[in-house]
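K.L.:
Provided herewith: upload.txt, compact mmCIF, C-alpha atoms.
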# COMPACT_ATOMS: atom_id res chain seq x y z
CA MET B 14 6.12 -5.64 -8.09
CA GLU B 15 3.27 -4.04 -6.19
CA LEU B 16 1.64 -5.72 -3.20
CA GLY B 17 -2.10 -5.16 -2.85
CA THR B 18 -3.74 -4.55 -6.23
CA GLY B 19 -7.16 -3.81 -4.82
CA GLN B 20 -9.87 -2.50 -7.12
CA PHE B 21 -7.94 0.12 -9.07
CA PRO B 22 -4.50 -0.24 -10.75
CA ILE B 23 -3.33 3.24 -9.76
CA VAL B 24 0.20 2.28 -8.70
CA PRO B 25 1.01 0.08 -11.75
CA ILE B 26 -0.24 2.73 -14.20
CA PHE B 27 1.75 5.39 -12.37
CA TYR B 28 4.90 3.30 -12.82
CA PHE B 29 4.02 2.65 -16.46
CA LEU B 30 3.81 6.41 -17.06
CA HIS B 31 7.30 6.74 -15.60
CA GLY B 32 8.84 4.13 -17.90
CA ALA B 33 8.46 0.75 -16.15
CA ASN B 34 8.31 -2.09 -18.67
CA ASP B 35 7.44 -5.22 -16.68
CA ILE B 36 5.03 -4.65 -13.79
CA VAL B 37 3.43 -7.27 -11.55
CA SER B 38 0.69 -6.52 -9.03
CA ILE B 39 -0.01 -9.26 -6.51
CA ASP B 40 -3.14 -9.83 -4.45
CA VAL B 41 -5.02 -12.78 -2.97
CA VAL B 42 -8.27 -11.90 -4.79
CA ASN B 43 -8.87 -10.24 -8.14
CA PHE B 44 -11.22 -7.28 -7.67
CA MET B 45 -10.42 -5.77 -11.05
CA THR B 46 -13.05 -5.06 -13.74
CA LEU B 47 -12.89 -3.16 -17.02
CA ASP B 48 -15.17 -0.50 -15.53
CA ARG B 49 -12.76 -0.01 -12.63
CA ILE B 50 -9.81 0.28 -15.00
CA ALA B 51 -11.75 2.91 -16.97
CA GLU B 52 -12.53 4.74 -13.71
CA CYS B 53 -8.84 4.63 -12.81
CA LEU B 54 -7.88 6.17 -16.16
CA ASP B 55 -10.44 8.93 -15.60
CA PHE B 56 -8.82 9.54 -12.21
CA PHE B 57 -5.43 10.06 -13.88
CA ILE B 58 -6.87 12.42 -16.48
CA GLN B 59 -8.71 14.50 -13.87
CA HIS B 60 -5.74 14.47 -11.52
CA ARG B 61 -3.35 15.70 -14.18
CA ASN B 62 -5.66 18.56 -15.07
CA LYS B 63 -5.92 19.53 -11.40
CA TYR B 64 -2.33 18.88 -10.30
CA PRO B 65 -0.08 19.17 -13.38
CA GLU B 66 3.02 19.54 -11.19
CA LYS B 67 2.67 15.90 -10.12
CA PHE B 68 3.12 14.75 -13.73
CA LEU B 69 6.28 16.65 -14.64
CA HIS B 70 8.41 13.54 -15.11
CA ILE B 71 6.10 11.18 -16.99
CA ASP B 72 6.75 9.84 -20.48
CA GLU B 73 4.44 11.90 -22.70
CA SER B 74 4.19 9.15 -25.31
CA ARG B 75 2.90 6.84 -22.60
CA TRP B 76 0.41 9.48 -21.51
CA GLN B 77 -0.94 9.57 -25.05
CA HIS B 78 -1.12 5.78 -24.91
CA LEU B 79 -3.22 6.06 -21.73
CA LEU B 80 -5.62 8.42 -23.49
CA ASP B 81 -5.90 6.03 -26.44
CA ILE B 82 -6.61 3.06 -24.19
CA LYS B 83 -9.28 5.05 -22.34
CA GLU B 84 -11.12 5.56 -25.63
CA LYS B 85 -11.18 1.86 -26.48
CA ILE B 86 -11.36 0.27 -23.02
CA ASN B 87 -14.61 -1.53 -23.88
CA HIS B 88 -12.94 -3.24 -26.83
CA PHE B 89 -10.80 -5.38 -24.54
CA SER B 90 -12.03 -8.89 -23.89
CA SER B 91 -10.63 -9.09 -20.37
CA THR B 92 -8.99 -7.08 -17.63
CA ALA B 93 -5.77 -8.99 -18.26
CA ASP B 94 -5.67 -7.74 -21.87
CA ALA B 95 -6.40 -4.17 -20.80
CA LEU B 96 -3.68 -4.20 -18.15
CA GLN B 97 -1.19 -5.72 -20.56
CA ALA B 98 -1.54 -2.49 -22.53
CA PHE B 99 0.12 -0.88 -19.51
CA LYS B 100 2.79 -3.61 -19.30
CA THR B 101 1.09 -4.90 -16.15
CA GLN B 102 -0.08 -8.32 -15.07
CA ILE B 103 -2.17 -9.24 -12.04
CA TYR B 104 -0.76 -12.16 -10.08
CA ILE B 105 -3.31 -13.81 -7.79
CA ALA B 106 -1.34 -15.69 -5.17
CA ASP B 107 -0.24 -15.93 -1.58
CA ALA B 108 2.54 -13.34 -1.36
CA ARG B 109 4.29 -15.46 1.27
CA LYS B 110 5.22 -17.98 -1.41
CA THR B 111 5.48 -16.68 -4.96
CA GLN B 112 6.52 -18.44 -8.13
CA TYR B 113 9.44 -16.14 -8.75
CA ALA B 114 13.11 -17.06 -8.65
CA ASN B 115 15.61 -15.42 -6.34
CA ASP B 116 16.70 -11.92 -7.40
CA THR B 117 13.83 -11.25 -9.83
CA PHE B 118 12.61 -7.70 -9.12
CA ASP B 119 14.40 -4.35 -9.16
CA PHE B 120 11.70 -2.68 -7.11
CA ILE B 121 8.96 -3.90 -4.74
CA THR B 122 6.38 -1.54 -3.32
CA SER B 123 3.03 -1.16 -1.58
CA ASN B 124 0.74 1.73 -0.82
CA ASN B 125 -1.69 1.60 2.12
CA THR B 126 -1.41 -2.18 2.31
CA PHE B 127 0.83 -3.25 5.21
CA GLU B 128 -1.60 -1.93 7.82
CA HIS B 129 -4.23 -4.42 6.62
CA ILE B 130 -1.98 -7.47 7.09
CA TYR B 131 -1.53 -9.13 10.47
CA PRO B 132 2.09 -9.72 11.54
CA GLU B 133 2.03 -13.51 11.27
CA ILE B 134 1.31 -13.06 7.56
CA LEU B 135 3.22 -9.85 6.90
CA GLU B 136 6.54 -11.09 8.27
CA PRO B 137 6.83 -14.05 5.84
CA ILE B 138 5.76 -11.72 3.01
CA LEU B 139 8.68 -9.44 3.83
CA VAL B 140 11.04 -12.42 3.90
CA GLU B 141 9.74 -13.61 0.54
CA PHE B 142 10.05 -10.15 -0.98
CA GLN B 143 13.63 -9.92 0.21
CA ARG B 144 14.31 -13.26 -1.50
CA ILE B 145 12.92 -12.19 -4.88
CA LEU B 146 14.45 -8.69 -4.72
CA LYS B 147 17.59 -8.24 -6.79
CA PRO B 148 20.88 -7.32 -5.09
CA LYS B 149 20.86 -3.53 -4.66
CA GLY B 150 17.13 -3.59 -5.40
CA ILE B 151 14.76 -1.36 -3.44
CA MET B 152 11.64 -1.98 -1.38
CA SER B 153 9.46 1.02 -0.53
CA HIS B 154 6.28 0.68 1.51
CA PHE B 155 3.87 3.41 2.57
CA ILE B 156 1.94 2.52 5.73
CA ASP B 157 -1.14 4.27 7.09
CA MET B 158 -1.48 3.35 10.77
CA THR B 159 -4.62 5.40 11.43
CA ASP B 160 -7.90 3.89 12.55
CA HIS B 161 -9.49 3.71 9.10
CA PHE B 162 -12.98 3.86 10.60
CA ALA B 163 -12.17 7.48 11.43
CA HIS B 164 -12.07 8.16 7.69
CA PHE B 165 -15.83 7.60 7.64
CA ASP B 166 -16.93 8.41 11.19
CA LYS B 167 -16.16 11.98 12.26
CA ASN B 168 -17.11 11.19 15.84
CA ILE B 169 -13.85 9.30 16.40
CA ASN B 170 -10.22 10.20 15.75
CA VAL B 171 -7.40 8.32 14.06
CA TYR B 172 -6.26 6.71 17.33
CA ASN B 173 -9.65 5.43 18.44
CA PHE B 174 -8.90 1.73 17.89
CA LEU B 175 -6.07 1.88 20.43
CA LYS B 176 -8.73 1.78 23.16
CA PHE B 177 -9.59 -1.85 22.55
CA SER B 178 -8.16 -5.14 23.74
CA ASP B 179 -7.07 -7.64 21.08
CA LYS B 180 -10.07 -9.83 21.93
CA PHE B 181 -12.55 -7.01 21.47
CA TRP B 182 -10.80 -5.68 18.37
CA HIS B 183 -10.84 -9.08 16.66
CA ALA B 184 -14.58 -9.21 17.30
CA ILE B 185 -15.22 -5.93 15.44
CA ASP B 186 -12.42 -6.09 12.85
CA ASN B 187 -13.52 -7.41 9.46
CA GLU B 188 -12.17 -9.19 6.38
CA ILE B 189 -13.09 -6.34 4.02
CA LEU B 190 -10.97 -3.75 5.82
CA PRO B 191 -8.81 -5.59 8.36
CA GLN B 192 -6.49 -3.45 10.47
CA SER B 193 -3.56 -4.93 12.36
CA ARG B 194 -3.05 -1.88 14.68
CA LEU B 195 0.72 -2.41 14.44
CA ARG B 196 2.70 0.68 15.34
CA TYR B 197 5.81 2.05 13.67
CA LYS B 198 8.36 0.52 16.02
CA GLU B 199 6.83 -2.94 15.46
CA TYR B 200 7.38 -2.62 11.72
CA LEU B 201 10.97 -1.57 12.32
CA LYS B 202 11.49 -4.55 14.62
CA MET B 203 10.14 -6.87 11.92
CA TYR B 204 12.69 -5.54 9.42
CA HIS B 205 15.57 -5.80 11.88
CA GLN B 206 14.72 -9.32 13.01
CA ASN B 207 14.81 -10.50 9.40
CA ASN B 208 18.04 -8.66 8.52
CA ILE B 209 16.33 -6.38 6.02
CA SER B 210 18.43 -3.27 5.71
CA ILE B 211 16.44 -0.05 6.09
CA ILE B 212 18.10 2.75 4.13
CA ASP B 213 15.53 5.52 4.60
CA THR B 214 12.32 6.37 6.43
CA LYS B 215 9.92 9.27 6.24
CA ILE B 216 7.44 10.16 8.97
CA TRP B 217 4.61 12.60 8.24
CA ASP B 218 3.38 15.18 10.71
CA TYR B 219 1.04 13.89 13.40
CA ASP B 220 -0.99 15.37 16.22
CA ALA B 221 -0.13 13.60 19.49
CA THR B 222 -2.63 15.78 21.36
CA LEU B 223 -5.39 13.65 19.84
CA LEU B 224 -4.28 10.94 22.25
CA ASN B 225 -5.13 13.17 25.22
CA GLY B 226 -8.20 11.91 27.00
CA LEU B 227 -8.17 8.61 25.10
CA LYS B 228 -8.12 5.67 27.49
CA LEU B 229 -5.59 3.38 25.85
CA ASN B 230 -5.79 -0.37 26.22
CA GLN B 231 -3.09 -1.95 28.37
CA LYS B 232 -1.71 -3.54 25.19
CA PHE B 233 -0.23 -0.15 24.30
CA SER B 234 1.06 0.79 27.76
CA ASN B 235 4.71 0.15 26.82
CA TYR B 236 4.69 2.79 24.08
CA THR B 237 5.50 6.46 24.48
CA LYS B 238 2.90 8.92 23.29
CA GLU B 239 5.21 9.88 20.41
CA GLU B 240 5.57 6.25 19.33
CA LEU B 241 1.81 5.73 19.31
CA ALA B 242 1.16 9.02 17.56
CA ILE B 243 3.11 8.16 14.38
CA VAL B 244 0.56 7.24 11.74
CA HIS B 245 1.99 7.80 8.24
CA VAL B 246 5.40 6.47 7.22
CA TYR B 247 7.51 5.30 4.32
CA ILE B 248 9.98 2.52 5.01
CA VAL B 249 12.62 2.07 2.31
CA SER B 250 15.00 -0.89 2.37
CA SER B 251 17.57 -2.50 0.12
CA LYS B 252 19.24 -5.86 -0.39
Represent the structure from my file as structure tokens, please.
P.N.:
Amino acid sequence: MELGTGQFPIVPIFYFLHGANDIVSIDVVNFMTLDRIAECLDFFIQHRNKYPEKFLHIDESRWQHLLDIKEKINHFSSTADALQAFKTQIYIADARKTQYANDTFDFITSNNTFEHIYPEILEPILVEFQRILKPKGIMSHFIDMTDHFAHFDKNINVYNFLKFSDKFWHAIDNEILPQSRLRYKEYLKMYHQNNISIIDTKIWDYDATLLNGLKLNQKFSNYTKEELAIVHVYIVSSK
């Protein structure tokens, strides 16, 4: 299962290419269209041409299947039919309460999704995912804790949103690209409080000097500079 389908089924198709046979992608709204699926397939084709080393372990028969589907994408009557060709279904639901029985999934994942979910919603999602994860199953979540507005505005850096109070931030945050501003140690605390066993983490390089000269809001006064500076992590857990 993938949390956070979004507009493009990149993660499900990636897993399909590596042999997954029953993939579910869950989101609260369906943003998928046939044109976006076609654009996603083009992305894979272009990416493989540019970075062949990233595709060393795919199933070549499934790659040929992807190319075939790309050629006839407009023949599908719906996005559901097109995604079924990649053994994927979109599940539109509240991830805090799914329809699935205990111990259903071998693997649950998300990519650039957790940072958009506020803790009062994310915590019950984690609890639910732990319930539907099989014993010895794996959860792996990649979290981008940067200020996403910095991706578009070069006048600010990736820590800019740490200047604001909660009240001010909620006034400028938005439903299209919500950002919780949770930091790494808060995610770890959420796992520990719900007895979710973390088996591995990976922290990417960061530049703590970017915090120099930034007047942090009092909300973040109990963090060390190193704790605040962490922006890209994987958290891997098991049941």
K.L.:
Give the centre and edge lengths of an axis-aligned box, in Å to one decimal, that holds all listed atoms of region 63-69 of chain B with 5 Å on each side, as JSON.
P.N.:
{"center_x": 0.2, "center_y": 17.1, "center_z": -12.4, "size_x": 22.2, "size_y": 14.8, "size_z": 14.5}
K.L.:
Counting all atoms listed in the file, which residues have an atom no more than 9 Å from (-5.0, -3.6, 25.9) in the file's coordinates? Please list them as a ChimeraX atom specification.
P.N.:
/B:175-180,229-234
K.L.:
Keeping C-alpha atoms, export the residues of the selection given above as a short mmCIF file (atom, residue, chain, number, x, y, z; two decimals), keeping the file's coordinate frame.
P.N.:
data_model
loop_
_atom_site.label_atom_id
_atom_site.label_comp_id
_atom_site.auth_asym_id
_atom_site.auth_seq_id
_atom_site.Cartn_x
_atom_site.Cartn_y
_atom_site.Cartn_z
CA LEU B 175 -6.07 1.88 20.43
CA LYS B 176 -8.73 1.78 23.16
CA PHE B 177 -9.59 -1.85 22.55
CA SER B 178 -8.16 -5.14 23.74
CA ASP B 179 -7.07 -7.64 21.08
CA LYS B 180 -10.07 -9.83 21.93
CA LEU B 229 -5.59 3.38 25.85
CA ASN B 230 -5.79 -0.37 26.22
CA GLN B 231 -3.09 -1.95 28.37
CA LYS B 232 -1.71 -3.54 25.19
CA PHE B 233 -0.23 -0.15 24.30
CA SER B 234 1.06 0.79 27.76
#
K.L.:
Between region 112-168 of chain B and region 38-43 of chain B, at 12 Å or less, what are the per-residue closest atom pairs and their distances in Å? Count only C-alpha atoms, order by chain and rising residue number, and return it as a tab-separated table.
P.N.:
residue	atom	partner	partner_atom	distance
B:Gln112	CA	B:Ile39	CA	11.4
B:Tyr113	CA	B:Ile39	CA	11.9
B:Phe118	CA	B:Ser38	CA	12.0
B:Phe120	CA	B:Ser38	CA	11.8
B:Ile121	CA	B:Ser38	CA	9.7
B:Thr122	CA	B:Ser38	CA	9.5
B:Ser123	CA	B:Ser38	CA	9.5
B:Asn124	CA	B:Ser38	CA	11.6
B:Thr126	CA	B:Asp40	CA	10.4
B:Ile130	CA	B:Val41	CA	11.8
B:Ile138	CA	B:Ile39	CA	11.4
B:Phe142	CA	B:Ile39	CA	11.5
K.L.:
Using all atoms listed in the file, which residues sit within 12 Å of Asn208 (chain B) once same-chain residues fewer than 3 positions away are excluded, as a ChimeraX atom specification?
P.N.:
/B:136,139-140,143-144,201-205,211,250-252
K.L.:
Report the distance between CA of Phe56 (chain B) and CA of Val24 (chain B) in Å, rounded to one decimal place.
P.N.:
12.1 Å
K.L.:
Residues within 8 Å of (-2.9, 3.2, -12.4), file coordinates, counting all atoms listed in the file: what are they? Give the list as a list in words.
P.N.:
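Taken together, the residues in range are Phe21, Pro22, Ile23, Val24, Pro25, Ile26, Phe27, Tyr28, Ile50, Cys53, Leu54 and Phe57 of chain B.
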K.L.:
Figure out the distance between CA of Ser153 (chain B) and CA of Gln77 (chain B), please, to one decimal in Å.
P.N.:
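Interatomic distance here is 28.0 Å.
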K.L.:
Could you check the closest approach to Leu69 (chain B) for each of B:Ile185, B:Leu30, B:Ile36, B:Ile212 and tell me which residue wins, using only C-alpha atoms?
P.N.:
B:Leu30
K.L.:
Go ahead and compute the interatomic distance for CA of Lys147 (chain B) and CA of Val37 (chain B), in Å to one decimal.
P.N.:
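CA of Lys147 (chain B) sits 15.0 Å away from CA of Val37 (chain B).
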K.L.:
Counting all atoms listed in the file, which of B:Phe29, B:Phe181, B:Phe89, B:Phe162 gets nearest to Arg75 (chain B)?
P.N.:
B:Phe29
K.L.:
Just want the 12 Å neighbourhood of Ser74 (chain B), counted on all atoms listed in the file, with same-chain residues fewer than 4 positions away dropped. Output as a PDB file with C-alpha atoms, in the coordinates of the input.
P.N.:
ATOM      1  CA  PHE B  29       4.020   2.650 -16.460  1.00  0.00           C
ATOM      2  CA  LEU B  30       3.810   6.410 -17.060  1.00  0.00           C
ATOM      3  CA  HIS B  31       7.300   6.740 -15.600  1.00  0.00           C
ATOM      4  CA  GLY B  32       8.840   4.130 -17.900  1.00  0.00           C
ATOM      5  CA  HIS B  70       8.410  13.540 -15.110  1.00  0.00           C
ATOM      6  CA  HIS B  78      -1.120   5.780 -24.910  1.00  0.00           C
ATOM      7  CA  LEU B  79      -3.220   6.060 -21.730  1.00  0.00           C
ATOM      8  CA  LEU B  80      -5.620   8.420 -23.490  1.00  0.00           C
ATOM      9  CA  ASP B  81      -5.900   6.030 -26.440  1.00  0.00           C
TER      10      ASP B  81
END
K.L.:
Using only C-alpha atoms, which protein or nucleic acid residues come within 12 Å of Met158 (chain B)? Drop anything in the same chain fewer than 5 positions from it, and give the result as number ranges by chain.
P.N.:
B: 124-130, 163, 171-175, 191-200, 216-217, 219, 240-247
K.L.:
Which is closest to Leu146 (chain B) among B:Asn170, B:Thr159, B:Thr237, B:Thr117, if we use all atoms listed in the file?
P.N.:
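The answer is B:Thr117, which sits nearest to Leu146 (chain B).
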K.L.:
Which one is closest to Asp94 (chain B): B:Val249, B:Met45, B:Ala184, B:Met152? Count only C-alpha atoms.
P.N.:
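Comparing B:Val249, B:Met45, B:Ala184, B:Met152 against Asp94 (chain B), the winner is B:Met45.
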